[in-house]
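One file, input_13.pdb, carrying PDB, C-alpha atoms, pLDDT in the B column:
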MODEL        1
ATOM      1  CA  HIS R   1     -10.028  -5.431  19.119  1.00 83.00           C
ATOM      2  CA  ARG R   2      -6.664  -6.778  20.165  1.00 81.00           C
ATOM      3  CA  THR R   3      -3.745  -6.406  17.760  1.00 81.00           C
ATOM      4  CA  VAL R   4      -0.164  -7.652  17.502  1.00 80.00           C
ATOM      5  CA  ASP R   5       0.941  -4.423  19.186  1.00 77.00           C
ATOM      6  CA  PRO R   6      -0.223  -4.455  22.824  1.00 79.00           C
ATOM      7  CA  ALA R   7       0.084  -0.654  22.986  1.00 79.00           C
ATOM      8  CA  ARG R   8      -2.569  -0.151  20.274  1.00 79.00           C
ATOM      9  CA  THR R   9      -6.110  -1.286  19.656  1.00 82.00           C
ATOM     10  CA  VAL R  10      -8.254  -1.365  16.553  1.00 85.00           C
ATOM     11  CA  SER R  11     -11.871  -0.311  16.779  1.00 86.00           C
ATOM     12  CA  GLU R  12     -14.886  -0.875  14.599  1.00 87.00           C
ATOM     13  CA  VAL R  13     -16.365   2.309  13.235  1.00 83.00           C
ATOM     14  CA  SER R  14     -19.796   2.788  11.741  1.00 86.00           C
ATOM     15  CA  ALA R  15     -21.075   5.680   9.700  1.00 83.00           C
ATOM     16  CA  SER R  16     -23.283   8.283  11.345  1.00 85.00           C
ATOM     17  CA  ASP R  17     -23.796  12.023  11.104  1.00 83.00           C
ATOM     18  CA  PRO R  18     -20.629  13.867  10.054  1.00 80.00           C
ATOM     19  CA  VAL R  19     -18.741  15.555  12.863  1.00 77.00           C
ATOM     20  CA  ALA R  20     -16.907  17.824  10.429  1.00 78.00           C
ATOM     21  CA  THR R  21     -17.484  19.055   6.920  1.00 80.00           C
ATOM     22  CA  GLU R  22     -15.092  20.096   4.206  1.00 84.00           C
ATOM     23  CA  VAL R  23     -12.363  17.776   5.477  1.00 81.00           C
ATOM     24  CA  ASN R  24      -9.768  16.917   2.871  1.00 87.00           C
ATOM     25  CA  GLY R  25      -9.422  13.147   3.215  1.00 86.00           C
ATOM     26  CA  THR R  26      -6.300  12.982   1.065  1.00 90.00           C
ATOM     27  CA  ALA R  27      -4.548  15.618   3.160  1.00 91.00           C
ATOM     28  CA  ALA R  28      -5.485  13.773   6.349  1.00 92.00           C
ATOM     29  CA  ALA R  29      -4.165  10.484   4.923  1.00 94.00           C
ATOM     30  CA  ASP R  30      -0.969  12.244   3.856  1.00 96.00           C
ATOM     31  CA  LEU R  31      -0.413  13.536   7.384  1.00 96.00           C
ATOM     32  CA  GLY R  32      -0.966  10.025   8.729  1.00 96.00           C
ATOM     33  CA  ALA R  33       1.522   8.580   6.246  1.00 97.00           C
ATOM     34  CA  LEU R  34       4.111  11.237   7.069  1.00 98.00           C
ATOM     35  CA  ALA R  35       3.718  10.723  10.826  1.00 98.00           C
ATOM     36  CA  THR R  36       3.991   6.964  10.335  1.00 98.00           C
ATOM     37  CA  GLY R  37       7.135   7.443   8.244  1.00 98.00           C
ATOM     38  CA  ALA R  38       8.673   9.574  10.977  1.00 98.00           C
ATOM     39  CA  GLN R  39       7.818   6.941  13.576  1.00 98.00           C
ATOM     40  CA  LEU R  40       9.371   4.228  11.388  1.00 98.00           C
ATOM     41  CA  LEU R  41      12.516   6.310  11.085  1.00 98.00           C
ATOM     42  CA  GLY R  42      12.700   6.583  14.871  1.00 98.00           C
ATOM     43  CA  LEU R  43      12.143   2.851  15.272  1.00 98.00           C
ATOM     44  CA  GLY R  44      14.914   2.148  12.778  1.00 98.00           C
ATOM     45  CA  ASP R  45      17.288   4.448  14.651  1.00 98.00           C
ATOM     46  CA  ARG R  46      16.513   2.742  17.941  1.00 98.00           C
ATOM     47  CA  MET R  47      16.938  -0.749  16.526  1.00 98.00           C
ATOM     48  CA  LEU R  48      20.289   0.269  15.019  1.00 98.00           C
ATOM     49  CA  SER R  49      21.387   1.588  18.409  1.00 97.00           C
ATOM     50  CA  ILE R  50      20.350  -1.622  20.152  1.00 97.00           C
ATOM     51  CA  ALA R  51      22.172  -3.763  17.597  1.00 96.00           C
ATOM     52  CA  SER R  52      25.302  -1.598  17.716  1.00 96.00           C
ATOM     53  CA  GLU R  53      25.451  -1.655  21.517  1.00 96.00           C
ATOM     54  CA  TYR R  54      24.962  -5.416  21.542  1.00 94.00           C
ATOM     55  CA  ALA R  55      27.639  -5.909  18.863  1.00 95.00           C
ATOM     56  CA  VAL R  56      30.147  -4.084  21.084  1.00 94.00           C
ATOM     57  CA  ALA R  57      29.180  -5.956  24.260  1.00 92.00           C
ATOM     58  CA  ARG R  58      28.780  -9.501  22.866  1.00 88.00           C
ATOM     59  CA  LYS R  59      32.026 -11.466  22.637  1.00 88.00           C
ATOM     60  CA  GLN R  60      32.666 -14.423  20.374  1.00 87.00           C
ATOM     61  CA  PHE R  61      36.039 -16.097  19.744  1.00 90.00           C
ATOM     62  CA  GLY R  62      37.532 -13.638  22.225  1.00 90.00           C
ATOM     63  CA  ARG R  63      36.439 -10.572  20.206  1.00 93.00           C
ATOM     64  CA  ALA R  64      33.394  -8.312  20.136  1.00 84.00           C
ATOM     65  CA  ILE R  65      31.088  -9.470  17.340  1.00 85.00           C
ATOM     66  CA  GLY R  66      31.009  -5.872  16.130  1.00 86.00           C
ATOM     67  CA  SER R  67      34.631  -6.267  15.072  1.00 83.00           C
ATOM     68  CA  PHE R  68      33.663  -8.839  12.438  1.00 89.00           C
ATOM     69  CA  GLN R  69      33.338  -7.432   8.931  1.00 90.00           C
ATOM     70  CA  ALA R  70      29.985  -9.077   8.207  1.00 91.00           C
ATOM     71  CA  VAL R  71      28.361  -7.458  11.245  1.00 93.00           C
ATOM     72  CA  LYS R  72      29.924  -4.079  10.435  1.00 95.00           C
ATOM     73  CA  HIS R  73      28.575  -4.212   6.874  1.00 96.00           C
ATOM     74  CA  HIS R  74      25.051  -5.110   7.977  1.00 96.00           C
ATOM     75  CA  LEU R  75      24.933  -2.249  10.483  1.00 96.00           C
ATOM     76  CA  ALA R  76      26.481   0.154   7.965  1.00 97.00           C
ATOM     77  CA  ASP R  77      23.771  -0.771   5.423  1.00 98.00           C
ATOM     78  CA  VAL R  78      21.120   0.066   8.017  1.00 98.00           C
ATOM     79  CA  ALA R  79      22.785   3.389   8.877  1.00 98.00           C
ATOM     80  CA  ILE R  80      22.932   4.334   5.188  1.00 98.00           C
ATOM     81  CA  ALA R  81      19.260   3.427   4.615  1.00 98.00           C
ATOM     82  CA  LEU R  82      18.177   5.486   7.627  1.00 98.00           C
ATOM     83  CA  GLU R  83      20.291   8.481   6.594  1.00 98.00           C
ATOM     84  CA  MET R  84      18.839   8.320   3.067  1.00 98.00           C
ATOM     85  CA  ALA R  85      15.286   8.301   4.458  1.00 98.00           C
ATOM     86  CA  ARG R  86      15.820  11.116   6.970  1.00 98.00           C
ATOM     87  CA  PRO R  87      15.965  14.046   4.484  1.00 98.00           C
ATOM     88  CA  LEU R  88      12.921  12.690   2.665  1.00 98.00           C
ATOM     89  CA  ILE R  89      10.924  12.787   5.912  1.00 98.00           C
ATOM     90  CA  HIS R  90      12.191  16.296   6.682  1.00 97.00           C
ATOM     91  CA  GLY R  91      11.530  17.511   3.140  1.00 96.00           C
ATOM     92  CA  ALA R  92       7.988  16.152   3.151  1.00 97.00           C
ATOM     93  CA  ALA R  93       7.357  17.808   6.525  1.00 97.00           C
ATOM     94  CA  VAL R  94       8.584  21.126   5.126  1.00 96.00           C
ATOM     95  CA  GLY R  95       6.221  20.652   2.187  1.00 95.00           C
ATOM     96  CA  VAL R  96       3.259  19.977   4.468  1.00 94.00           C
ATOM     97  CA  ASP R  97       4.150  23.113   6.416  1.00 92.00           C
ATOM     98  CA  GLY R  98       3.995  25.152   3.202  1.00 89.00           C
ATOM     99  CA  GLY R  99       7.729  25.631   2.752  1.00 88.00           C
ATOM    100  CA  ALA R 100       8.158  23.618  -0.448  1.00 87.00           C
ATOM    101  CA  PRO R 101       9.031  25.432  -3.684  1.00 87.00           C
ATOM    102  CA  GLU R 102       6.127  26.199  -5.973  1.00 90.00           C
ATOM    103  CA  GLY R 103       5.180  23.263  -8.164  1.00 87.00           C
ATOM    104  CA  THR R 104       6.353  20.640  -5.672  1.00 90.00           C
ATOM    105  CA  ASP R 105       4.093  17.599  -5.452  1.00 94.00           C
ATOM    106  CA  VAL R 106       3.957  17.275  -1.673  1.00 95.00           C
ATOM    107  CA  GLY R 107       1.874  14.100  -1.857  1.00 95.00           C
ATOM    108  CA  ARG R 108       4.579  12.430  -3.924  1.00 97.00           C
ATOM    109  CA  ASP R 109       7.210  13.616  -1.433  1.00 97.00           C
ATOM    110  CA  ILE R 110       5.201  12.110   1.424  1.00 98.00           C
ATOM    111  CA  SER R 111       4.875   8.813  -0.402  1.00 98.00           C
ATOM    112  CA  ALA R 112       8.608   8.726  -1.152  1.00 98.00           C
ATOM    113  CA  ALA R 113       9.387   9.486   2.489  1.00 98.00           C
ATOM    114  CA  LYS R 114       7.013   6.787   3.766  1.00 98.00           C
ATOM    115  CA  VAL R 115       8.464   4.156   1.410  1.00 98.00           C
ATOM    116  CA  ALA R 116      12.076   5.032   2.264  1.00 98.00           C
ATOM    117  CA  ALA R 117      11.404   5.065   6.010  1.00 98.00           C
ATOM    118  CA  ALA R 118       9.484   1.781   5.859  1.00 98.00           C
ATOM    119  CA  ASP R 119      12.243   0.089   3.869  1.00 98.00           C
ATOM    120  CA  ALA R 120      14.941   1.420   6.215  1.00 98.00           C
ATOM    121  CA  ALA R 121      13.050   0.367   9.344  1.00 98.00           C
ATOM    122  CA  TYR R 122      12.412  -3.088   7.930  1.00 98.00           C
ATOM    123  CA  LEU R 123      16.103  -3.455   7.095  1.00 98.00           C
ATOM    124  CA  ALA R 124      16.977  -2.298  10.607  1.00 98.00           C
ATOM    125  CA  SER R 125      14.603  -4.843  12.113  1.00 97.00           C
ATOM    126  CA  ARG R 126      16.024  -7.722  10.067  1.00 96.00           C
ATOM    127  CA  HIS R 127      19.651  -6.881  10.775  1.00 97.00           C
ATOM    128  CA  ALA R 128      19.094  -6.070  14.446  1.00 97.00           C
ATOM    129  CA  LEU R 129      17.452  -9.449  14.895  1.00 96.00           C
ATOM    130  CA  GLN R 130      20.333 -11.085  13.026  1.00 95.00           C
ATOM    131  CA  VAL R 131      22.874  -9.436  15.350  1.00 95.00           C
ATOM    132  CA  LEU R 132      20.989 -10.172  18.573  1.00 92.00           C
ATOM    133  CA  GLY R 133      19.827 -13.635  17.625  1.00 89.00           C
ATOM    134  CA  ALA R 134      17.041 -15.353  19.529  1.00 86.00           C
ATOM    135  CA  ILE R 135      17.160 -12.919  22.456  1.00 85.00           C
ATOM    136  CA  GLY R 136      15.605 -10.330  20.129  1.00 83.00           C
ATOM    137  CA  TYR R 137      12.417 -12.406  19.847  1.00 80.00           C
ATOM    138  CA  THR R 138      11.833 -12.678  23.563  1.00 85.00           C
ATOM    139  CA  ALA R 139       9.247 -10.473  25.220  1.00 85.00           C
ATOM    140  CA  GLU R 140      11.869  -9.490  27.796  1.00 86.00           C
ATOM    141  CA  HIS R 141      13.898  -7.593  25.196  1.00 91.00           C
ATOM    142  CA  ASP R 142      12.759  -4.235  23.809  1.00 92.00           C
ATOM    143  CA  LEU R 143      13.693  -5.304  20.295  1.00 95.00           C
ATOM    144  CA  SER R 144      10.701  -7.653  20.135  1.00 93.00           C
ATOM    145  CA  LEU R 145       8.334  -4.721  20.689  1.00 93.00           C
ATOM    146  CA  TYR R 146      10.128  -2.629  18.056  1.00 96.00           C
ATOM    147  CA  LEU R 147       9.973  -5.505  15.573  1.00 95.00           C
ATOM    148  CA  THR R 148       6.231  -5.809  16.104  1.00 93.00           C
ATOM    149  CA  LYS R 149       5.625  -2.069  15.813  1.00 95.00           C
ATOM    150  CA  THR R 150       7.709  -1.863  12.654  1.00 97.00           C
ATOM    151  CA  ARG R 151       5.827  -4.693  10.999  1.00 95.00           C
ATOM    152  CA  ALA R 152       2.474  -3.111  11.901  1.00 94.00           C
ATOM    153  CA  LEU R 153       3.443   0.385  10.733  1.00 97.00           C
ATOM    154  CA  ILE R 154       4.873  -0.598   7.358  1.00 97.00           C
ATOM    155  CA  GLY R 155       1.374  -1.022   5.934  1.00 95.00           C
ATOM    156  CA  ALA R 156      -0.309   1.706   7.975  1.00 95.00           C
ATOM    157  CA  TRP R 157      -1.626   4.727   6.042  1.00 95.00           C
ATOM    158  CA  GLY R 158      -0.930   3.018   2.749  1.00 95.00           C
ATOM    159  CA  THR R 159       1.176   0.041   1.846  1.00 95.00           C
ATOM    160  CA  PRO R 160       4.593   0.516   0.270  1.00 96.00           C
ATOM    161  CA  ALA R 161       3.108  -0.773  -3.006  1.00 97.00           C
ATOM    162  CA  ALA R 162       0.347   1.858  -2.904  1.00 97.00           C
ATOM    163  CA  HIS R 163       2.824   4.637  -2.215  1.00 97.00           C
ATOM    164  CA  ARG R 164       5.150   3.419  -4.971  1.00 97.00           C
ATOM    165  CA  ALA R 165       2.198   3.402  -7.390  1.00 97.00           C
ATOM    166  CA  ARG R 166       1.373   6.969  -6.343  1.00 96.00           C
ATOM    167  CA  ILE R 167       4.949   8.044  -7.044  1.00 96.00           C
ATOM    168  CA  LEU R 168       4.874   6.299 -10.409  1.00 96.00           C
ATOM    169  CA  GLU R 169       1.657   8.082 -11.387  1.00 95.00           C
ATOM    170  CA  THR R 170       3.279  11.472 -10.850  1.00 91.00           C
ATOM    171  CA  LEU R 171       6.346  10.796 -13.004  1.00 88.00           C
TER     172      LEU R 171
ENDMDL
END
Kindly return the structure encoded in the file as structure tokens.
Amino acid sequence: HRTVDPARTVSEVSASDPVATEVNGTAAADLGALATGAQLLGLGDRMLSIASEYAVARKQFGRAIGSFQAVKHHLADVAIALEMARPLIHGAAVGVDGGAPEGTDVGRDISAAKVAAADAAYLASRHALQVLGAIGYTAEHDLSLYLTKTRALIGAWGTPAAHRARILETL
């Protein structure tokens, strides 16, 4: 089936004979959520770069728009959100690899990482679009693809609400 992301498709799947046994479904979903969180972090970084480069190049009132305090604050908020999500993604990856201290709830760490990365990427998408304006919506600009991917990935492998509920259950 076609989706909002032209680089991905969605397929219908029907049950048949198992191709593998003793597969831990929760562990597989956790890996999917962690990989999605890492991809969201990368998308957020790229959108911040695009917005920052545009803010330096675009002139208004004889000055680069990046010199205006409002633009600086928006981009700084995005940078902070991304830098707060980054160690959560790395920490969850270490936990999946078996390097977490004993007693660590790796599933909770993955959920926290996914939520933080999704929130940061969404913030990056909103502010990047604000900085670029209408050009960011056009198919000719890479930002439009990143906006679409971000929106699709936020709910992939568990919605932010589901991951927040999972975190809450473990506290």
Check: Contacts of stretch 6-9 of chain R at 12 Å or less, counting only C-alpha atoms, minus same-chain residues fewer than 2 places along, as a list in words?
Finding: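 With the cut-off at 12 Å, the set is His1, Arg2, Thr3, Val4, Ser11, Glu12, Ala139, Ser144, Leu145, Tyr146, Thr148, Lys149, Ala152 and Leu153 of chain R.
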Select from stretch 111-165 of chain R every residue with an atom at most 9 Å from any atom of stretch 34-55 of chain R, then for each give the shortest pair of atoms and their distance in Å to one decimal, using all atoms listed in the file, rows by chain and rising number, as CSV.
residue,atom,partner,partner_atom,distance
R:Ser111,CA,R:Leu34,CA,7.9
R:Ala113,CA,R:Gly37,CA,6.5
R:Lys114,CA,R:Gly37,CA,4.5
R:Val115,CA,R:Gly37,CA,7.7
R:Ala116,CA,R:Gly37,CA,8.1
R:Ala117,CA,R:Leu41,CA,5.3
R:Ala118,CA,R:Leu40,CA,6.0
R:Ala120,CA,R:Gly44,CA,6.6
R:Ala121,CA,R:Gly44,CA,4.3
R:Tyr122,CA,R:Gly44,CA,7.6
R:Leu123,CA,R:Gly44,CA,8.1
R:Ala124,CA,R:Gly44,CA,5.4
R:Ser125,CA,R:Met47,CA,6.5
R:His127,CA,R:Ala51,CA,7.9
R:Ala128,CA,R:Ala51,CA,5.0
R:Leu129,CA,R:Ala51,CA,7.9
R:Gln130,CA,R:Ala51,CA,8.8
R:Val131,CA,R:Ala51,CA,6.1
R:Leu132,CA,R:Ala51,CA,6.6
R:Asp142,CA,R:Ile50,CA,8.8
R:Leu143,CA,R:Met47,CA,6.7
R:Tyr146,CA,R:Leu43,CA,6.5
R:Leu147,CA,R:Met47,CA,8.5
R:Lys149,CA,R:Leu43,CA,8.2
R:Thr150,CA,R:Leu40,CA,6.4
R:Leu153,CA,R:Thr36,CA,6.6
R:Ile154,CA,R:Leu40,CA,7.7
R:Ala156,CA,R:Thr36,CA,7.2
R:Trp157,CA,R:Thr36,CA,7.4
Check: What is the atom CA of R:Gly66-atom CA of R:Pro87 distance in Å, reported with one decimal?
Finding: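 If I compute the distance from atom CA of R:Gly66 to atom CA of R:Pro87, I get 27.5 Å.
From atom CA of R:Ile110 back to atom CA of R:Ala93, the distance works out to 7.9 Å.
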Next item on the list: Could you please determine the separation between atom CA of R:Asp97 and atom CA of R:Ala28 in Å, to one decimal place?
Entry: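 Taking atom CA of R:Asp97 and atom CA of R:Ala28, their separation equals 13.4 Å.
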Check: How would you write as a PyMOL selection string the residues that get within 12 Å of (2.7, 18.7, -3.2) in the file's frame, counting only C-alpha atoms?
Finding: chain R and resi 26-27+30+91-112+167+170
Check: Which is closest to R:Ala33 among R:Thr159, R:Thr21, R:Ser16, R:Thr138, if we use only C-alpha atoms?
Finding: R:Thr159
Check: Of the candidates R:Arg151, R:Arg63, R:Arg58, R:Arg126, which one gets nearest to R:Asp77 if we count all atoms listed in the file?
Finding: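 Counting all atoms listed in the file, the residue closest to R:Asp77 is R:Arg126.
Nearest to R:Gly158 of all the residues R:Ala79, R:Leu88, R:Leu31, R:Tyr137 is R:Leu31, based on all atoms listed in the file.
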